[in-house]
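I have placed the structure first, in the form of structure tokens, so that the comments after it can refer back to it.
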Number of protein chains: 2
Amino acid sequence: MGFTEASAVRRTGETTWAAEVAPGWDIMGNADGGYTLAIVARAAAEAAGRPDPFTVTAHYLAPARVGPVTVEAQVVRRGGRLATVAATLSSEERPLLALLGTFGELGTYEGPERVEAAPPPLPPPERCAPVVPTETFPPPFMGRVDLRLDPGEDAFGGGSGPPRVSGWFRFPDEEPVDTLGLLVAVDAFPPTVFRSELPLGWVPTVELTAHVRARPAPGWLRCAFTTRFITGGFLEEDGEVWDATGKLVAQSRQLALLPRG
Amino acid sequence: MGFTEASAVRRTGETTWAAEVAPGWDIMGNADGGYTLAIVARAAAEAAGRPDPFTVTAHYLAPARVGPVTVEAQVVRRGGRLATVAATLSSEERPLLALLGTFGELGTYEGPERVEAAPPPLPPPERCAPVVPTETFPPPFMGRVDLRLDPGEDAFGGGSGPPRVSGWFRFPDEEPVDTLGLLVAVDAFPPTVFRSELPLGWVPTVELTAHVRARPAPGWLRCAFTTRFITGGFLEEDGEVWDATGKLVAQSRQLALLPRG
């Protein structure tokens, strides 16, 4: 099942939506955080009446499992071009994810441009390393996305590299990546700390914020994730996603707990 | 009036607090965004029963003016160590700020440390440039904080420098900066784009997220703010705050609209 179908929502009331956490979008049984964020953001964008998540923040409350979920989404403020929405994703048992986001339509603002950065250098996708899903690890989720990792980085290494991971992202079967699909891209790669000397293990995201800065052009997305501060039991992970035309399309930052090993 | 008094909140019900936007904390009549964030975060921390804002996100809905405001704060999930709260700051007329935050107690998590960055190089505070408040610009708010800007950067220049601002931060009268005070530090400096060739003007914050990573030691805080992407009418501004012992205490990122000149 492709991303659009797997993240579909169905309005069931003024402020409520129904959805399904689809099989295969999980990592060791827990649905991928970017995927669950996309489900909530899709409902919130409908509530907002605006297609694009300019800035969305998710706080992860409990792991999401395969099965029915609901979204409650309230418009906090609707302005001329921006609308802010607070939403919660819940299973029958408990709240899973709280979202606060501001939605709009990309292309309605303009101004001078100045970019003080460049896309990460990467060999072409066919010379990068695909991540092949297994029943366990790498997880089934890696079949729902098409990742090609920089072969110079041993992303599942448990070595002593810098906490940095880069590679290409697309959906399989030529499904285009829209601005909601970018929310999957920013949380699809192996955690940066898998490259460090820390023990491999679950890296629970406490909070993830993504800014969508432009609609991606068709084709591979070039992604880079960096961690600069592993302190006090926490780490941040900063992401950048660039499209095939060399334009930055999304930035992300998450705060996560260190794996306990 | 110092920060703690100016950002005080008084519980008025199970999920409601009253506060006052104090005079002098404004920029051209609009209360500083870090200051209003701190008011809401103080109420949300009380709701959470946890002192420290591990990660808080504010979406700015309308400018706050001097006078009475209320905070409505709901605990979304209370776990063993973390509690997530959704809150709204409102005037009598309208909602002003929506917050989503996860609170805890710093020092209750631990693990290996790895820092891939260093505090920004700065001359000592006495050789940096104080920002002196006026009735207009620089605004009265600059009397509520004590900023010393890197003299090598012309932060009010309207020149063609890189969009980067750095300097020292403290509260006047030796008031200590606690983890709520850090929320002021991350939004107190002149916007990075004032150093670029863009017209000076109001830079409305759409969203600001701050991660508080440690309690600051007493003394000056060393701060740096950088913008890498001015695109599509938006810009991000990334902040770092380091304490007097050389420890990173907060990271921030905001998404703002370009000034219209």
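Each chain of the structure tokens is named A, B, ... in the order shown, its residues numbered from 1; ligands are numbered from 1 in display order.
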
Where does region 26-62 of chain A meet region 235-257 of chain A within 12 Å, residue by residue, with the nearest atom pair and distance in Å to one decimal for each, counting only C-alpha atoms, listed by chain and rising number, as CSV?
```
residue,atom,partner,partner_atom,distance
A:Gly33,CA,A:Gln254,CA,10.7
A:Gly34,CA,A:Ser252,CA,10.9
A:Asp52,CA,A:Ala250,CA,11.6
A:Pro53,CA,A:Ala250,CA,10.2
A:Phe54,CA,A:Ala250,CA,9.3
A:Thr55,CA,A:Ser252,CA,9.4
A:Val56,CA,A:Ser252,CA,9.6
A:Thr57,CA,A:Gln254,CA,9.2
A:Ala58,CA,A:Gln254,CA,9.2
A:His59,CA,A:Leu255,CA,9.6
A:Tyr60,CA,A:Ala256,CA,10.0
```

*asked:* Please find the residues of chain B near chain A - the criterion being any atom within 7 Å, counting only C-alpha atoms - and write them as a ChimeraX atom specification.
replied: /B:61,77,100,107,109-111,113-117,228-233

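Proximity of B:Arg170, B:Arg164, B:Arg65, B:Arg127 to Arg144 (chain B), computed with only C-alpha atoms, is greatest for B:Arg170.
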
Run DSSP on the backbone and tell me which residues of region 19-157 of chain A come out as alpha helix (DSSP H); list them as a PDB file with N, CA and C atoms, in the first residue's frame.
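Final output, saved to result36.pdb:
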```pdb
ATOM      1  N   GLY A  33       7.374   7.350  12.918  1.00  0.00           N
ATOM      2  CA  GLY A  33       6.900   8.643  13.421  1.00  0.00           C
ATOM      3  C   GLY A  33       6.555   9.641  12.332  1.00  0.00           C
ATOM      4  N   GLY A  34       7.274   9.610  11.221  1.00  0.00           N
ATOM      5  CA  GLY A  34       6.957  10.515  10.115  1.00  0.00           C
ATOM      6  C   GLY A  34       5.642  10.131   9.458  1.00  0.00           C
ATOM      7  N   TYR A  35       5.386   8.824   9.386  1.00  0.00           N
ATOM      8  CA  TYR A  35       4.135   8.329   8.806  1.00  0.00           C
ATOM      9  C   TYR A  35       2.932   8.713   9.675  1.00  0.00           C
ATOM     10  N   THR A  36       3.029   8.496  10.987  1.00  0.00           N
ATOM     11  CA  THR A  36       1.889   8.872  11.837  1.00  0.00           C
ATOM     12  C   THR A  36       1.695  10.398  11.830  1.00  0.00           C
ATOM     13  N   LEU A  37       2.813  11.141  11.798  1.00  0.00           N
ATOM     14  CA  LEU A  37       2.700  12.598  11.679  1.00  0.00           C
ATOM     15  C   LEU A  37       1.934  12.975  10.410  1.00  0.00           C
ATOM     16  N   ALA A  38       2.224  12.279   9.311  1.00  0.00           N
ATOM     17  CA  ALA A  38       1.556  12.594   8.041  1.00  0.00           C
ATOM     18  C   ALA A  38       0.048  12.325   8.113  1.00  0.00           C
ATOM     19  N   ILE A  39      -0.350  11.273   8.814  1.00  0.00           N
ATOM     20  CA  ILE A  39      -1.789  10.998   8.972  1.00  0.00           C
ATOM     21  C   ILE A  39      -2.475  12.177   9.676  1.00  0.00           C
ATOM     22  N   VAL A  40      -1.897  12.597  10.790  1.00  0.00           N
ATOM     23  CA  VAL A  40      -2.508  13.695  11.559  1.00  0.00           C
ATOM     24  C   VAL A  40      -2.464  14.987  10.752  1.00  0.00           C
ATOM     25  N   ALA A  41      -1.336  15.225  10.081  1.00  0.00           N
ATOM     26  CA  ALA A  41      -1.202  16.461   9.307  1.00  0.00           C
ATOM     27  C   ALA A  41      -2.207  16.491   8.157  1.00  0.00           C
ATOM     28  N   ARG A  42      -2.510  15.330   7.582  1.00  0.00           N
ATOM     29  CA  ARG A  42      -3.498  15.296   6.498  1.00  0.00           C
ATOM     30  C   ARG A  42      -4.875  15.736   7.018  1.00  0.00           C
ATOM     31  N   ALA A  43      -5.252  15.218   8.187  1.00  0.00           N
ATOM     32  CA  ALA A  43      -6.530  15.631   8.780  1.00  0.00           C
ATOM     33  C   ALA A  43      -6.490  17.113   9.162  1.00  0.00           C
ATOM     34  N   ALA A  44      -5.360  17.540   9.720  1.00  0.00           N
ATOM     35  CA  ALA A  44      -5.247  18.947  10.155  1.00  0.00           C
ATOM     36  C   ALA A  44      -5.295  19.892   8.957  1.00  0.00           C
ATOM     37  N   ALA A  45      -4.688  19.490   7.838  1.00  0.00           N
ATOM     38  CA  ALA A  45      -4.738  20.318   6.628  1.00  0.00           C
ATOM     39  C   ALA A  45      -6.175  20.435   6.122  1.00  0.00           C
ATOM     40  N   GLU A  46      -6.929  19.350   6.234  1.00  0.00           N
ATOM     41  CA  GLU A  46      -8.346  19.408   5.857  1.00  0.00           C
ATOM     42  C   GLU A  46      -9.099  20.359   6.771  1.00  0.00           C
ATOM     43  N   ALA A  47      -8.819  20.260   8.068  1.00  0.00           N
ATOM     44  CA  ALA A  47      -9.461  21.172   9.020  1.00  0.00           C
ATOM     45  C   ALA A  47      -9.111  22.622   8.695  1.00  0.00           C
ATOM     46  N   ALA A  48      -7.831  22.830   8.342  1.00  0.00           N
ATOM     47  CA  ALA A  48      -7.356  24.183   8.037  1.00  0.00           C
ATOM     48  C   ALA A  48      -7.919  24.701   6.721  1.00  0.00           C
TER      49      ALA A  48
END
```

*Distance of CA of Thr134 (chain B) from CA of Gly2 (chain B), expressed in Å to one decimal place*: 18.0 Å

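Using only C-alpha atoms, the contacts of Pro68 (chain A) at a cut-off of 12 Å, with sequence neighbours closer than 3 positions omitted, comprise Ala6, Ser7, Ala8, Val9, Arg10, Trp17, Ala18, Ala19, Glu20, Val21, Ala22, Pro23, Ile39, Ala64, Arg65, Val71, Leu89, Ser90, Ser91, Glu92 and Glu93 of chain A.
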
*For each of B:Ala224, B:Ala188, B:Gly80, B:Pro121, take the minimum atom-to-atom distance to Pro138 (chain B), counting only C-alpha atoms, then give the residue where this is smallest.*
B:Ala188

*Please indicate the distance in Å from CA of Ala185 (chain B) to CA of Asp173 (chain B), rounded to one decimal place.*
15.9 Å

*Contacts of Pro172 (chain A) at 10 Å (only C-alpha atoms; same-chain gap of 5+ positions) as a ChimeraX atom specification*: /A:2-3,143-147

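With distances restricted to only C-alpha atoms, A:Phe169 is the closest residue to Val184 (chain A) from A:Arg215, A:Ala129, A:Phe169, A:Pro120.
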
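Straight-line separation from CA of Gly219 (chain B) to CA of Phe189 (chain B): 17.7 Å.
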